[in-house]
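Everything below belongs to structure_26.txt, which stores compact mmCIF, C-alpha atoms.
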# COMPACT_ATOMS: atom_id res chain seq x y z
CA MET A 14 63.10 16.17 -61.58
CA SER A 15 60.53 15.38 -58.90
CA LYS A 16 60.83 11.62 -59.56
CA GLU A 17 64.56 11.81 -58.77
CA ILE A 18 64.07 12.71 -55.12
CA LEU A 19 61.92 11.67 -52.16
CA ALA A 20 61.55 13.83 -49.05
CA VAL A 21 61.36 12.52 -45.49
CA ILE A 22 60.18 15.05 -42.90
CA LEU A 23 61.02 14.21 -39.30
CA GLY A 24 57.97 14.81 -37.14
CA GLY A 25 60.03 15.64 -34.07
CA GLY A 26 60.35 14.11 -30.64
CA ALA A 27 58.25 14.96 -27.61
CA GLY A 28 59.05 18.70 -27.97
CA THR A 29 59.39 19.13 -24.21
CA ARG A 30 61.07 22.54 -24.55
CA LEU A 31 57.91 23.84 -26.27
CA TYR A 32 55.69 22.65 -23.40
CA PRO A 33 52.80 23.47 -22.75
CA LEU A 34 52.15 24.02 -26.48
CA THR A 35 53.12 20.37 -27.01
CA ALA A 36 51.06 18.97 -24.12
CA SER A 37 48.37 17.63 -26.47
CA ARG A 38 49.95 17.99 -29.93
CA SER A 39 53.24 17.13 -31.60
CA LYS A 40 55.80 19.85 -32.28
CA PRO A 41 55.15 20.05 -36.06
CA ALA A 42 51.41 20.53 -35.33
CA VAL A 43 51.97 23.68 -33.23
CA PRO A 44 50.10 26.61 -34.86
CA ILE A 45 52.26 29.45 -36.23
CA ALA A 46 51.47 32.85 -37.75
CA GLY A 47 47.82 32.55 -36.72
CA LYS A 48 46.73 30.10 -39.43
CA TYR A 49 49.50 27.64 -40.33
CA ARG A 50 51.16 24.75 -38.53
CA LEU A 51 54.91 24.22 -38.29
CA VAL A 52 54.85 21.18 -40.59
CA ASP A 53 53.43 23.38 -43.39
CA ILE A 54 56.87 25.05 -43.68
CA PRO A 55 58.98 22.05 -44.82
CA ILE A 56 56.09 20.72 -46.94
CA SER A 57 55.69 24.12 -48.65
CA ASN A 58 59.46 24.37 -49.21
CA CYS A 59 59.31 20.99 -50.97
CA LEU A 60 56.29 21.88 -53.11
CA ASN A 61 57.79 25.25 -54.09
CA SER A 62 61.00 23.42 -55.08
CA GLY A 63 59.17 20.93 -57.30
CA ILE A 64 59.53 18.06 -54.82
CA ASN A 65 56.09 16.52 -54.40
CA ARG A 66 56.58 13.07 -52.85
CA MET A 67 56.93 13.28 -49.08
CA PHE A 68 56.77 11.07 -46.03
CA VAL A 69 56.19 12.63 -42.59
CA LEU A 70 57.46 10.50 -39.69
CA THR A 71 55.37 10.95 -36.54
CA GLN A 72 55.34 9.51 -33.05
CA TYR A 73 54.26 11.70 -30.10
CA ASN A 74 50.76 13.19 -29.82
CA SER A 75 50.35 12.74 -33.55
CA ALA A 76 46.53 12.74 -33.93
CA SER A 77 46.13 16.46 -34.72
CA LEU A 78 49.15 16.41 -37.07
CA ASN A 79 47.78 13.40 -38.95
CA ARG A 80 44.35 15.08 -39.22
CA HIS A 81 45.91 18.33 -40.49
CA ILE A 82 47.96 16.57 -43.20
CA LYS A 83 44.99 14.42 -44.27
CA ASN A 84 42.73 17.49 -44.57
CA THR A 85 45.30 19.71 -46.29
CA TYR A 86 47.44 17.98 -48.91
CA HIS A 87 45.27 16.62 -51.70
CA PHE A 88 46.71 16.01 -55.16
CA SER A 89 45.20 15.10 -58.49
CA ALA A 90 44.49 11.42 -59.12
CA PHE A 91 46.61 11.81 -62.26
CA SER A 92 49.77 12.88 -60.40
CA SER A 93 52.28 10.81 -58.43
CA ALA A 94 52.43 13.46 -55.68
CA PHE A 95 51.67 12.56 -52.06
CA VAL A 96 52.25 13.56 -48.45
CA ASP A 97 52.04 10.33 -46.42
CA ILE A 98 52.22 9.84 -42.68
CA LEU A 99 54.53 7.12 -41.38
CA ALA A 100 53.53 6.69 -37.74
CA ALA A 101 55.87 4.86 -35.39
CA GLU A 102 54.75 1.25 -35.33
CA GLN A 103 55.77 -1.74 -33.30
CA THR A 104 56.55 -4.75 -35.50
CA PRO A 105 57.71 -8.30 -34.76
CA ASP A 106 61.29 -7.44 -35.75
CA ASN A 107 61.25 -4.03 -34.06
CA PRO A 108 59.23 -3.69 -30.85
CA THR A 109 60.65 -0.25 -29.91
CA TRP A 110 59.52 3.30 -30.70
CA TYR A 111 61.80 5.65 -32.66
CA GLN A 112 65.09 6.08 -30.78
CA GLY A 113 66.30 9.13 -32.76
CA THR A 114 66.28 10.73 -36.22
CA ALA A 115 68.26 8.01 -37.98
CA ASP A 116 66.35 5.22 -36.23
CA ALA A 117 63.05 6.81 -37.32
CA VAL A 118 64.14 6.80 -40.98
CA ARG A 119 65.53 3.25 -40.63
CA GLN A 120 62.17 2.01 -39.33
CA GLY A 121 60.45 3.73 -42.27
CA LEU A 122 62.71 2.18 -44.94
CA ARG A 123 60.33 -0.67 -45.68
CA HIS A 124 57.64 1.88 -46.60
CA ILE A 125 60.06 4.18 -48.46
CA GLY A 126 61.67 1.28 -50.35
CA PRO A 127 58.95 0.70 -52.99
CA PHE A 128 59.12 4.32 -54.20
CA GLU A 129 61.80 4.91 -56.82
CA SER A 130 64.26 7.77 -56.40
CA GLU A 131 67.96 8.52 -56.84
CA TYR A 132 68.15 10.73 -53.76
CA VAL A 133 66.50 11.09 -50.37
CA LEU A 134 66.06 14.50 -48.73
CA ILE A 135 65.82 14.54 -44.92
CA LEU A 136 64.11 17.59 -43.38
CA SER A 137 63.23 18.72 -39.89
CA GLY A 138 59.60 19.42 -39.02
CA ASP A 139 60.27 22.35 -36.67
CA GLN A 140 62.23 25.04 -38.52
CA LEU A 141 61.15 28.33 -40.10
CA TYR A 142 62.85 29.13 -43.42
CA GLN A 143 62.24 29.50 -47.17
CA MET A 144 64.78 27.61 -49.25
CA ASP A 145 65.10 26.33 -52.81
CA LEU A 146 65.75 22.66 -52.09
CA MET A 147 66.21 21.91 -55.81
CA ALA A 148 69.26 24.24 -55.82
CA MET A 149 70.67 22.10 -53.01
CA LEU A 150 70.05 18.94 -55.07
CA ASN A 151 71.73 20.48 -58.13
CA ASN A 152 74.75 21.38 -55.98
CA HIS A 153 74.81 17.79 -54.68
CA ILE A 154 74.82 16.40 -58.24
CA GLU A 155 77.44 18.91 -59.49
CA LYS A 156 79.81 18.01 -56.67
CA ALA A 157 79.20 14.27 -57.22
CA ALA A 158 78.60 14.08 -53.47
CA ASP A 159 77.45 11.04 -51.51
CA ILE A 160 75.83 13.17 -48.83
CA SER A 161 75.05 16.91 -48.73
CA ILE A 162 74.40 18.97 -45.63
CA ALA A 163 72.67 22.35 -45.68
CA THR A 164 74.81 24.74 -43.64
CA ILE A 165 74.19 28.28 -42.47
CA PRO A 166 76.95 30.74 -41.48
CA VAL A 167 76.69 31.82 -37.83
CA ASP A 168 78.72 34.13 -35.59
CA ALA A 169 80.76 33.17 -32.53
CA LYS A 170 77.89 33.83 -30.13
CA GLU A 171 75.60 31.32 -31.87
CA ALA A 172 78.26 28.76 -32.83
CA SER A 173 78.26 27.05 -29.42
CA GLU A 174 74.58 26.08 -29.87
CA PHE A 175 75.08 24.10 -33.10
CA GLY A 176 76.99 21.29 -34.71
CA ILE A 177 79.79 23.17 -36.52
CA MET A 178 81.34 21.96 -39.79
CA LYS A 179 84.63 22.84 -41.40
CA LYS A 180 84.79 22.78 -45.20
CA SER A 181 87.57 22.62 -47.77
CA LYS A 182 88.08 25.12 -50.60
CA GLU A 183 86.22 22.71 -52.90
CA GLY A 184 83.15 22.83 -50.63
CA TYR A 185 83.46 19.38 -49.01
CA ILE A 186 83.09 18.97 -45.26
CA THR A 187 86.31 17.80 -43.62
CA SER A 188 85.41 17.77 -39.93
CA PHE A 189 82.57 18.24 -37.47
CA ILE A 190 82.21 19.22 -33.80
CA GLU A 191 79.02 19.23 -31.71
CA LYS A 192 78.38 22.52 -29.81
CA PRO A 193 82.03 23.66 -29.48
CA LYS A 194 83.11 25.69 -26.45
CA GLN A 195 84.17 29.29 -27.18
CA ASP A 196 87.92 28.63 -26.71
CA LEU A 197 87.86 25.99 -29.49
CA LEU A 198 86.20 28.24 -32.09
CA PRO A 199 89.34 29.71 -33.74
CA ASP A 200 90.10 26.24 -35.17
CA TRP A 201 86.65 26.01 -36.79
CA ILE A 202 86.58 29.09 -39.05
CA SER A 203 85.43 28.40 -42.63
CA ASP A 204 85.47 30.60 -45.74
CA THR A 205 81.81 31.65 -45.86
CA GLY A 206 82.30 34.37 -48.50
CA PRO A 207 82.88 38.14 -48.23
CA ASP A 208 79.31 39.13 -47.30
CA MET A 209 79.11 36.69 -44.42
CA LYS A 210 82.64 37.54 -43.21
CA LYS A 211 81.65 41.21 -42.87
CA LYS A 212 78.86 40.15 -40.50
CA GLY A 213 81.22 37.93 -38.49
CA ARG A 214 79.34 34.82 -39.65
CA ILE A 215 82.43 32.68 -40.23
CA TYR A 216 81.32 29.34 -38.74
CA LEU A 217 79.23 26.80 -40.67
CA ALA A 218 76.36 25.39 -38.63
CA SER A 219 74.43 22.30 -39.68
CA MET A 220 70.76 23.04 -40.39
CA GLY A 221 69.74 19.40 -39.97
CA ILE A 222 68.80 19.19 -43.67
CA TYR A 223 70.49 16.37 -45.60
CA ILE A 224 70.50 14.82 -49.07
CA PHE A 225 71.69 11.22 -49.34
CA ASN A 226 72.29 9.13 -52.40
CA ARG A 227 69.51 6.65 -51.87
CA LYS A 228 71.59 3.43 -52.11
CA LEU A 229 74.15 4.80 -49.66
CA MET A 230 71.46 5.82 -47.15
CA PHE A 231 69.95 2.33 -47.17
CA HIS A 232 73.45 0.84 -46.77
CA LEU A 233 74.40 3.17 -43.90
CA LEU A 234 71.19 2.62 -41.95
CA GLN A 235 70.84 -1.13 -42.53
CA ASN A 236 74.47 -2.25 -42.50
CA GLU A 237 77.29 0.13 -41.64
CA PHE A 238 75.55 2.02 -38.82
CA HIS A 239 72.73 -0.41 -38.19
CA GLU A 240 72.63 0.63 -34.54
CA GLY A 241 73.20 4.38 -35.02
CA THR A 242 70.15 6.28 -33.82
CA ASP A 243 70.87 9.93 -34.75
CA PHE A 244 71.98 11.62 -37.99
CA GLY A 245 73.52 14.72 -36.42
CA LYS A 246 75.38 13.02 -33.59
CA GLU A 247 76.42 9.67 -35.15
CA ILE A 248 75.79 8.98 -38.85
CA ILE A 249 77.00 12.31 -40.29
CA PRO A 250 80.19 12.75 -38.18
CA GLN A 251 81.26 9.17 -38.89
CA SER A 252 80.55 9.50 -42.63
CA ILE A 253 82.66 12.63 -43.19
CA THR A 254 85.98 10.78 -43.35
CA LYS A 255 84.65 7.92 -45.50
CA TYR A 256 82.36 9.56 -48.05
CA LYS A 257 82.16 12.74 -50.13
CA VAL A 258 80.08 15.03 -47.93
CA ALA A 259 79.30 18.41 -49.52
CA SER A 260 78.26 21.63 -47.81
CA TYR A 261 75.38 23.58 -49.35
CA GLN A 262 75.58 27.08 -47.90
CA TYR A 263 72.28 28.88 -47.28
CA GLU A 264 72.29 32.57 -46.34
CA GLY A 265 68.61 33.42 -45.93
CA TYR A 266 66.43 33.55 -42.82
CA TRP A 267 66.36 30.33 -40.78
CA THR A 268 65.39 29.69 -37.21
CA ASP A 269 65.13 26.48 -35.26
CA ILE A 270 61.97 26.74 -33.18
CA GLY A 271 63.29 24.81 -30.22
CA ASN A 272 61.86 26.61 -27.21
CA ILE A 273 59.06 28.98 -26.16
CA TYR A 274 61.24 32.09 -26.47
CA SER A 275 62.37 31.36 -30.07
CA PHE A 276 58.79 30.39 -30.99
CA PHE A 277 57.46 33.67 -29.54
CA GLU A 278 60.14 35.78 -31.25
CA ALA A 279 59.65 34.07 -34.62
CA ASN A 280 55.89 34.71 -34.58
CA LEU A 281 56.09 38.33 -33.43
CA GLY A 282 58.88 38.90 -35.98
CA LEU A 283 56.24 38.42 -38.70
CA THR A 284 54.64 41.74 -37.71
CA GLN A 285 57.65 43.84 -38.83
CA ASP A 286 57.24 46.11 -41.87
CA ILE A 287 59.55 43.85 -43.89
CA PRO A 288 59.80 40.60 -41.92
CA GLU A 289 62.78 38.31 -42.46
CA PHE A 290 60.36 35.44 -43.09
CA ASN A 291 58.18 36.72 -45.93
CA LEU A 292 54.63 35.38 -45.98
CA PHE A 293 53.83 37.77 -48.87
CA ASP A 294 55.98 36.12 -51.54
CA ASN A 295 54.20 34.99 -54.73
CA THR A 296 56.89 32.45 -55.56
CA ARG A 297 57.15 30.90 -52.10
CA SER A 298 53.61 30.39 -50.91
CA ILE A 299 53.06 28.72 -47.54
CA TYR A 300 50.33 26.13 -48.00
CA THR A 301 47.90 25.11 -45.29
CA ARG A 302 44.37 23.89 -44.80
CA ALA A 303 41.77 25.99 -46.66
CA ARG A 304 39.11 26.62 -44.01
CA MET A 305 36.53 28.74 -45.92
CA LEU A 306 36.30 31.28 -43.09
CA PRO A 307 34.63 34.70 -43.35
CA PRO A 308 36.83 37.82 -43.45
CA ALA A 309 37.84 39.40 -40.13
CA LYS A 310 35.46 41.99 -38.63
CA ILE A 311 37.05 44.85 -36.68
CA SER A 312 35.26 47.67 -34.87
CA GLY A 313 36.72 50.67 -33.01
CA THR A 314 40.21 49.16 -32.71
CA THR A 315 43.58 50.87 -33.14
CA LEU A 316 45.89 48.41 -34.86
CA GLU A 317 49.67 48.75 -34.94
CA LYS A 318 52.07 46.18 -36.48
CA THR A 319 49.58 43.36 -36.18
CA ILE A 320 48.74 40.29 -38.26
CA ILE A 321 45.09 39.22 -38.17
CA ALA A 322 43.97 35.87 -39.56
CA GLU A 323 40.58 35.30 -41.14
CA GLY A 324 37.33 34.79 -39.24
CA CYS A 325 38.12 37.14 -36.31
CA ILE A 326 35.65 39.44 -34.51
CA ILE A 327 37.65 42.20 -32.83
CA ASN A 328 36.21 45.03 -30.72
CA ALA A 329 39.40 45.70 -28.73
CA SER A 330 40.52 49.27 -28.09
CA ARG A 331 44.13 48.57 -29.14
CA VAL A 332 46.18 45.70 -30.58
CA GLU A 333 49.90 46.25 -31.21
CA HIS A 334 52.87 44.07 -32.22
CA SER A 335 50.72 40.94 -32.07
CA VAL A 336 49.59 37.94 -34.12
CA ILE A 337 45.87 37.22 -33.92
CA GLY A 338 44.91 33.69 -35.04
CA ILE A 339 41.81 32.34 -36.76
CA ARG A 340 38.33 32.89 -35.25
CA THR A 341 39.68 35.03 -32.38
CA ARG A 342 37.03 37.06 -30.56
CA ILE A 343 38.17 40.09 -28.50
CA GLY A 344 35.78 42.19 -26.38
CA ASN A 345 35.42 45.97 -25.96
CA GLY A 346 38.06 48.05 -24.18
CA THR A 347 40.70 45.30 -24.30
CA THR A 348 44.38 45.99 -25.05
CA ILE A 349 46.69 43.34 -26.53
CA VAL A 350 50.46 44.08 -26.69
CA SER A 351 53.29 41.84 -27.97
CA SER A 352 51.23 38.68 -27.82
CA TYR A 353 50.28 35.70 -29.97
CA LEU A 354 46.63 34.63 -29.71
CA MET A 355 46.29 31.30 -31.52
CA GLY A 356 42.54 31.64 -31.97
CA ASN A 357 39.78 29.05 -31.85
CA ASP A 358 38.73 25.86 -33.60
CA TYR A 359 35.02 26.79 -33.64
CA TYR A 360 32.50 29.59 -33.09
CA GLU A 361 30.04 29.55 -30.23
CA THR A 362 26.41 30.04 -31.25
CA LEU A 363 24.37 32.82 -29.59
CA GLU A 364 22.54 30.13 -27.58
CA GLU A 365 25.88 28.71 -26.35
CA ILE A 366 27.09 32.20 -25.40
CA ASP A 367 23.90 32.84 -23.37
CA HIS A 368 24.20 29.41 -21.75
CA ALA A 369 27.84 30.03 -20.78
CA ARG A 370 27.04 33.46 -19.31
CA SER A 371 24.10 32.16 -17.30
CA HIS A 372 26.45 29.59 -15.73
CA GLY A 373 29.14 32.19 -14.97
CA LEU A 374 31.46 30.85 -17.66
CA PRO A 375 33.35 33.28 -19.96
CA THR A 376 32.69 32.91 -23.67
CA VAL A 377 35.38 31.49 -25.96
CA GLY A 378 37.89 34.26 -26.70
CA ILE A 379 39.05 37.36 -24.81
CA GLY A 380 36.56 39.30 -22.68
CA HIS A 381 36.01 43.04 -22.17
CA ARG A 382 38.53 45.50 -20.60
CA CYS A 383 41.38 42.97 -20.49
CA TYR A 384 45.09 43.81 -20.69
CA ILE A 385 47.36 41.13 -22.19
CA LYS A 386 51.09 41.64 -22.75
CA ASN A 387 53.99 39.26 -23.55
CA ALA A 388 51.71 36.24 -23.72
CA ILE A 389 50.88 33.25 -25.90
CA VAL A 390 47.22 32.28 -25.63
CA ASP A 391 46.74 28.74 -26.92
CA LYS A 392 43.58 27.65 -28.75
CA ASN A 393 40.00 27.63 -27.41
CA CYS A 394 40.73 29.58 -24.20
CA ARG A 395 37.94 31.37 -22.32
CA ILE A 396 39.30 34.59 -20.84
CA GLY A 397 36.78 36.56 -18.76
CA ASP A 398 36.35 40.33 -18.36
CA ASP A 399 38.91 42.60 -16.63
CA VAL A 400 41.66 39.96 -16.83
CA ARG A 401 45.26 41.26 -16.60
CA ILE A 402 48.17 39.22 -17.96
CA ASN A 403 51.42 41.16 -17.76
CA GLY A 404 54.32 38.97 -18.85
CA GLY A 405 57.93 40.06 -18.49
CA THR A 406 61.23 39.25 -16.84
CA HIS A 407 59.79 40.19 -13.43
CA LEU A 408 57.93 36.84 -13.47
CA GLU A 409 59.73 33.68 -12.39
CA ASN A 410 59.55 30.49 -14.46
CA SER A 411 56.64 28.42 -13.15
CA ASP A 412 53.96 25.94 -14.19
CA HIS A 413 50.32 26.20 -13.05
CA SER A 414 47.17 24.35 -14.00
CA LEU A 415 46.00 27.19 -16.28
CA TYR A 416 49.28 28.70 -17.49
CA THR A 417 53.07 28.36 -17.66
CA VAL A 418 55.69 31.12 -17.42
CA LYS A 419 58.93 30.67 -19.41
CA GLU A 420 61.55 33.42 -19.79
CA GLY A 421 58.99 36.09 -18.99
CA ILE A 422 56.45 34.81 -21.53
CA VAL A 423 53.08 33.75 -20.11
CA VAL A 424 51.61 30.76 -22.00
CA ILE A 425 47.89 30.25 -21.35
CA LYS A 426 47.22 26.54 -21.81
CA LYS A 427 44.90 25.16 -24.48
CA GLY A 428 41.24 25.38 -23.42
CA ALA A 429 42.03 27.20 -20.14
CA VAL A 430 39.23 29.16 -18.42
CA LEU A 431 40.37 32.41 -16.71
CA PRO A 432 37.53 33.89 -14.60
CA ASN A 433 36.63 37.60 -14.52
CA GLY A 434 39.29 39.74 -12.83
CA PHE A 435 42.03 37.04 -13.02
CA VAL A 436 45.53 38.57 -12.71
CA ILE A 437 48.95 37.18 -13.69

Rewrite the coordinates I just gave you, this time as structure tokens.
Amino acid sequence: MSKEILAVILGGGAGTRLYPLTASRSKPAVPIAGKYRLVDIPISNCLNSGINRMFVLTQYNSASLNRHIKNTYHFSAFSSAFVDILAAEQTPDNPTWYQGTADAVRQGLRHIGPFESEYVLILSGDQLYQMDLMAMLNNHIEKAADISIATIPVDAKEASEFGIMKKSKEGYITSFIEKPKQDLLPDWISDTGPDMKKKGRIYLASMGIYIFNRKLMFHLLQNEFHEGTDFGKEIIPQSITKYKVASYQYEGYWTDIGNIYSFFEANLGLTQDIPEFNLFDNTRSIYTRARMLPPAKISGTTLEKTIIAEGCIINASRVEHSVIGIRTRIGNGTTIVSSYLMGNDYYETLEEIDHARSHGLPTVGIGHRCYIKNAIVDKNCRIGDDVRINGGTHLENSDHSLYTVKEGIVVIKKGAVLPNGFVI
């Protein structure tokens, strides 16, 4: 089956709503769950579904994403599997950067063209979900569809944030509206099945996951909509009346990590006893770079609902409802509550630690007797002793040289140095 379908993963735009996490990296390269990156999610979904030929389209701040993919996804020389980067490139016939999702795929067609396939799967690089994409392809083939759209039932409160589809009894999409106002919603109810109806999830939202018959996709992008720049806003709505567009309904966990708040919630949600996004599933592994790190070392710490990645050295007094990323070092007497520490890219040697201290510089990691709550600490930060970071709705949105506050969440910027006694 894997030869039948090619996947194209959209590397995302500038990701401004995730700033400052996207100040020096692209959105799909943002670290999640302490050891993965966002792009690992769609790639893992493909691999777990038996789809092993993928292109990742990148543009903004793409160096760390390119490095991650190059270091992570290696396949046997005897297989046809690959994960290839297609970086935005200026060519004589196209001097512009990607103008939108459809334009990005259009510019990549000359690289995608030589690879045989019946179907092309378009995925977003910034969503958290676990989905059998082969089941979606089988549904597409059964319905003899030209295009399939993955849809998720949502309730009235969420419906205004999405493109909403209406489907026929046969499962074909008949109409589409972008972010409908509440008073229009009664006209957009679809039959989502008895289980979803009970939960009030009676509107079908587009997940931004599409399957195209390959020949049709090339035709649409090169001829019919040769100036259309976006799938969700232009190509899909205009195709509904002309082609057979099927809905593939997905009812599992799915979140679009669009802003700091949803990113924060999605990560801390992983600490629940039975999280909605299950990292502990034998059949749906999340793949990432194998770093050969030592196991975590913990001394004198009370841990409550916390995920700890490998390679950490933790002497904190208490860590609760938090995600602690790779190589994190936390000093004595420190308390971490409802926070995501992304960890570090390297360890300091004992000589480097002595050198930093003699120059009044905190060591990489979190110092002694700190209190950190409702915060995201980006990679390679140096947080001194007796630092207090108390995020919450009492703080106004603001942007400083060392940190940003968004919706009560304090984001310490990558590589920031907070001196002893610093208070937010």

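Of the listed residues A:Glu174, A:Glu420, A:Glu17, A:Asp398, the one whose atoms come nearest to Arg370 in chain A is A:Asp398, with distances taken using all atoms listed in the file.
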
(message) Give me the residues near Pro288 in chain A as a ChimeraX atom specification, where near means some atom within 10 Å (using only C-alpha atoms) and where sequence neighbours in that chain fewer than 5 positions away do not count.
(response) /A:266,279,281-283,293

(request) Counting only C-alpha atoms, figure out which residue out of A:Met147, A:Ile22, A:Phe225, A:Thr35 gets nearest to Ile64 in chain A. (result) A:Met147

(request) Choose the residue, out of A:Ile425, A:Lys170, A:Val21, A:Ala163, that has the smallest atom-to-atom separation from Phe95 in chain A; count only C-alpha atoms. (result)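 The shortest atom-to-atom distance to Phe95 in chain A comes from A:Val21.
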
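When only C-alpha atoms are used to measure the gap to Thr114 in chain A, the shortest distance among A:Val96, A:Leu363, A:Leu31, A:Ile248 belongs to A:Ile248.
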
Would you list the contacts of range 295-309 of chain A as a PDB file with C-alpha atoms, keeping the file's coordinate frame, taking every protein, DNA or RNA residue within 10 Å and counting only C-alpha atoms, but skipping same-chain residues closer than 3 positions in sequence?
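What landed in result-v5.pdb:
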ATOM      1  CA  LYS A  48      46.730  30.100 -39.430  1.00  0.00           C
ATOM      2  CA  TYR A  49      49.500  27.640 -40.330  1.00  0.00           C
ATOM      3  CA  ARG A  50      51.160  24.750 -38.530  1.00  0.00           C
ATOM      4  CA  LEU A  51      54.910  24.220 -38.290  1.00  0.00           C
ATOM      5  CA  VAL A  52      54.850  21.180 -40.590  1.00  0.00           C
ATOM      6  CA  ASP A  53      53.430  23.380 -43.390  1.00  0.00           C
ATOM      7  CA  ILE A  54      56.870  25.050 -43.680  1.00  0.00           C
ATOM      8  CA  PRO A  55      58.980  22.050 -44.820  1.00  0.00           C
ATOM      9  CA  ILE A  56      56.090  20.720 -46.940  1.00  0.00           C
ATOM     10  CA  SER A  57      55.690  24.120 -48.650  1.00  0.00           C
ATOM     11  CA  ASN A  58      59.460  24.370 -49.210  1.00  0.00           C
ATOM     12  CA  LEU A  60      56.290  21.880 -53.110  1.00  0.00           C
ATOM     13  CA  ASN A  61      57.790  25.250 -54.090  1.00  0.00           C
ATOM     14  CA  SER A  62      61.000  23.420 -55.080  1.00  0.00           C
ATOM     15  CA  HIS A  81      45.910  18.330 -40.490  1.00  0.00           C
ATOM     16  CA  ILE A  82      47.960  16.570 -43.200  1.00  0.00           C
ATOM     17  CA  LYS A  83      44.990  14.420 -44.270  1.00  0.00           C
ATOM     18  CA  ASN A  84      42.730  17.490 -44.570  1.00  0.00           C
ATOM     19  CA  THR A  85      45.300  19.710 -46.290  1.00  0.00           C
ATOM     20  CA  TYR A  86      47.440  17.980 -48.910  1.00  0.00           C
ATOM     21  CA  GLN A 143      62.240  29.500 -47.170  1.00  0.00           C
ATOM     22  CA  MET A 144      64.780  27.610 -49.250  1.00  0.00           C
ATOM     23  CA  ASP A 145      65.100  26.330 -52.810  1.00  0.00           C
ATOM     24  CA  ASN A 291      58.180  36.720 -45.930  1.00  0.00           C
ATOM     25  CA  LEU A 292      54.630  35.380 -45.980  1.00  0.00           C
ATOM     26  CA  ILE A 321      45.090  39.220 -38.170  1.00  0.00           C
ATOM     27  CA  ALA A 322      43.970  35.870 -39.560  1.00  0.00           C
ATOM     28  CA  GLU A 323      40.580  35.300 -41.140  1.00  0.00           C
ATOM     29  CA  GLY A 324      37.330  34.790 -39.240  1.00  0.00           C
ATOM     30  CA  CYS A 325      38.120  37.140 -36.310  1.00  0.00           C
ATOM     31  CA  ILE A 326      35.650  39.440 -34.510  1.00  0.00           C
ATOM     32  CA  ILE A 327      37.650  42.200 -32.830  1.00  0.00           C
ATOM     33  CA  ILE A 339      41.810  32.340 -36.760  1.00  0.00           C
ATOM     34  CA  ARG A 340      38.330  32.890 -35.250  1.00  0.00           C
ATOM     35  CA  THR A 341      39.680  35.030 -32.380  1.00  0.00           C
ATOM     36  CA  ARG A 342      37.030  37.060 -30.560  1.00  0.00           C
TER      37      ARG A 342
END

(message) As an exercise, work out the distance from CA of Ile202 in chain A to CA of Thr254 in chain A in Å and give it to one decimal place.
(response)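 CA of Ile202 in chain A sits 18.8 Å away from CA of Thr254 in chain A.
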
(message) What does the structure give for the distance between CA of Gly63 in chain A and CA of Ile222 in chain A, in Å to one decimal?
(response)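 Atom-to-atom, CA of Gly63 in chain A and CA of Ile222 in chain A are spaced 16.8 Å apart.
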
(message) For a quick check of understanding, using only C-alpha atoms, which of A:Glu264, A:Asp200, A:Glu183, A:Asp294 has the smallest distance to Arg214 in chain A?
(response)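 Using only C-alpha atoms, Arg214 in chain A sits closest to A:Glu264.
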
(request) Excluding Ser75 in chain A and residues on its chain fewer than 4 positions from it, collect all residues at most 12 Å away from it, counting all atoms listed in the file, and give them as a ChimeraX atom specification. (result) /A:24-28,35-43,52,69-71,79-82,98-101

Those same residues - C-alpha atoms - I'd like them written as a PDB file, in the coordinates of the input.
ATOM      1  CA  GLY A  24      57.970  14.810 -37.140  1.00  0.00           C
ATOM      2  CA  GLY A  25      60.030  15.640 -34.070  1.00  0.00           C
ATOM      3  CA  GLY A  26      60.350  14.110 -30.640  1.00  0.00           C
ATOM      4  CA  ALA A  27      58.250  14.960 -27.610  1.00  0.00           C
ATOM      5  CA  GLY A  28      59.050  18.700 -27.970  1.00  0.00           C
ATOM      6  CA  THR A  35      53.120  20.370 -27.010  1.00  0.00           C
ATOM      7  CA  ALA A  36      51.060  18.970 -24.120  1.00  0.00           C
ATOM      8  CA  SER A  37      48.370  17.630 -26.470  1.00  0.00           C
ATOM      9  CA  ARG A  38      49.950  17.990 -29.930  1.00  0.00           C
ATOM     10  CA  SER A  39      53.240  17.130 -31.600  1.00  0.00           C
ATOM     11  CA  LYS A  40      55.800  19.850 -32.280  1.00  0.00           C
ATOM     12  CA  PRO A  41      55.150  20.050 -36.060  1.00  0.00           C
ATOM     13  CA  ALA A  42      51.410  20.530 -35.330  1.00  0.00           C
ATOM     14  CA  VAL A  43      51.970  23.680 -33.230  1.00  0.00           C
ATOM     15  CA  VAL A  52      54.850  21.180 -40.590  1.00  0.00           C
ATOM     16  CA  VAL A  69      56.190  12.630 -42.590  1.00  0.00           C
ATOM     17  CA  LEU A  70      57.460  10.500 -39.690  1.00  0.00           C
ATOM     18  CA  THR A  71      55.370  10.950 -36.540  1.00  0.00           C
ATOM     19  CA  ASN A  79      47.780  13.400 -38.950  1.00  0.00           C
ATOM     20  CA  ARG A  80      44.350  15.080 -39.220  1.00  0.00           C
ATOM     21  CA  HIS A  81      45.910  18.330 -40.490  1.00  0.00           C
ATOM     22  CA  ILE A  82      47.960  16.570 -43.200  1.00  0.00           C
ATOM     23  CA  ILE A  98      52.220   9.840 -42.680  1.00  0.00           C
ATOM     24  CA  LEU A  99      54.530   7.120 -41.380  1.00  0.00           C
ATOM     25  CA  ALA A 100      53.530   6.690 -37.740  1.00  0.00           C
ATOM     26  CA  ALA A 101      55.870   4.860 -35.390  1.00  0.00           C
TER      27      ALA A 101
END

(message) Just want the 8 Å neighbourhood of Ala46 in chain A, counted on all atoms listed in the file, with same-chain residues fewer than 5 positions away dropped. Output as a PyMOL selection string.
(response) chain A and resi 280+283+320+336+338
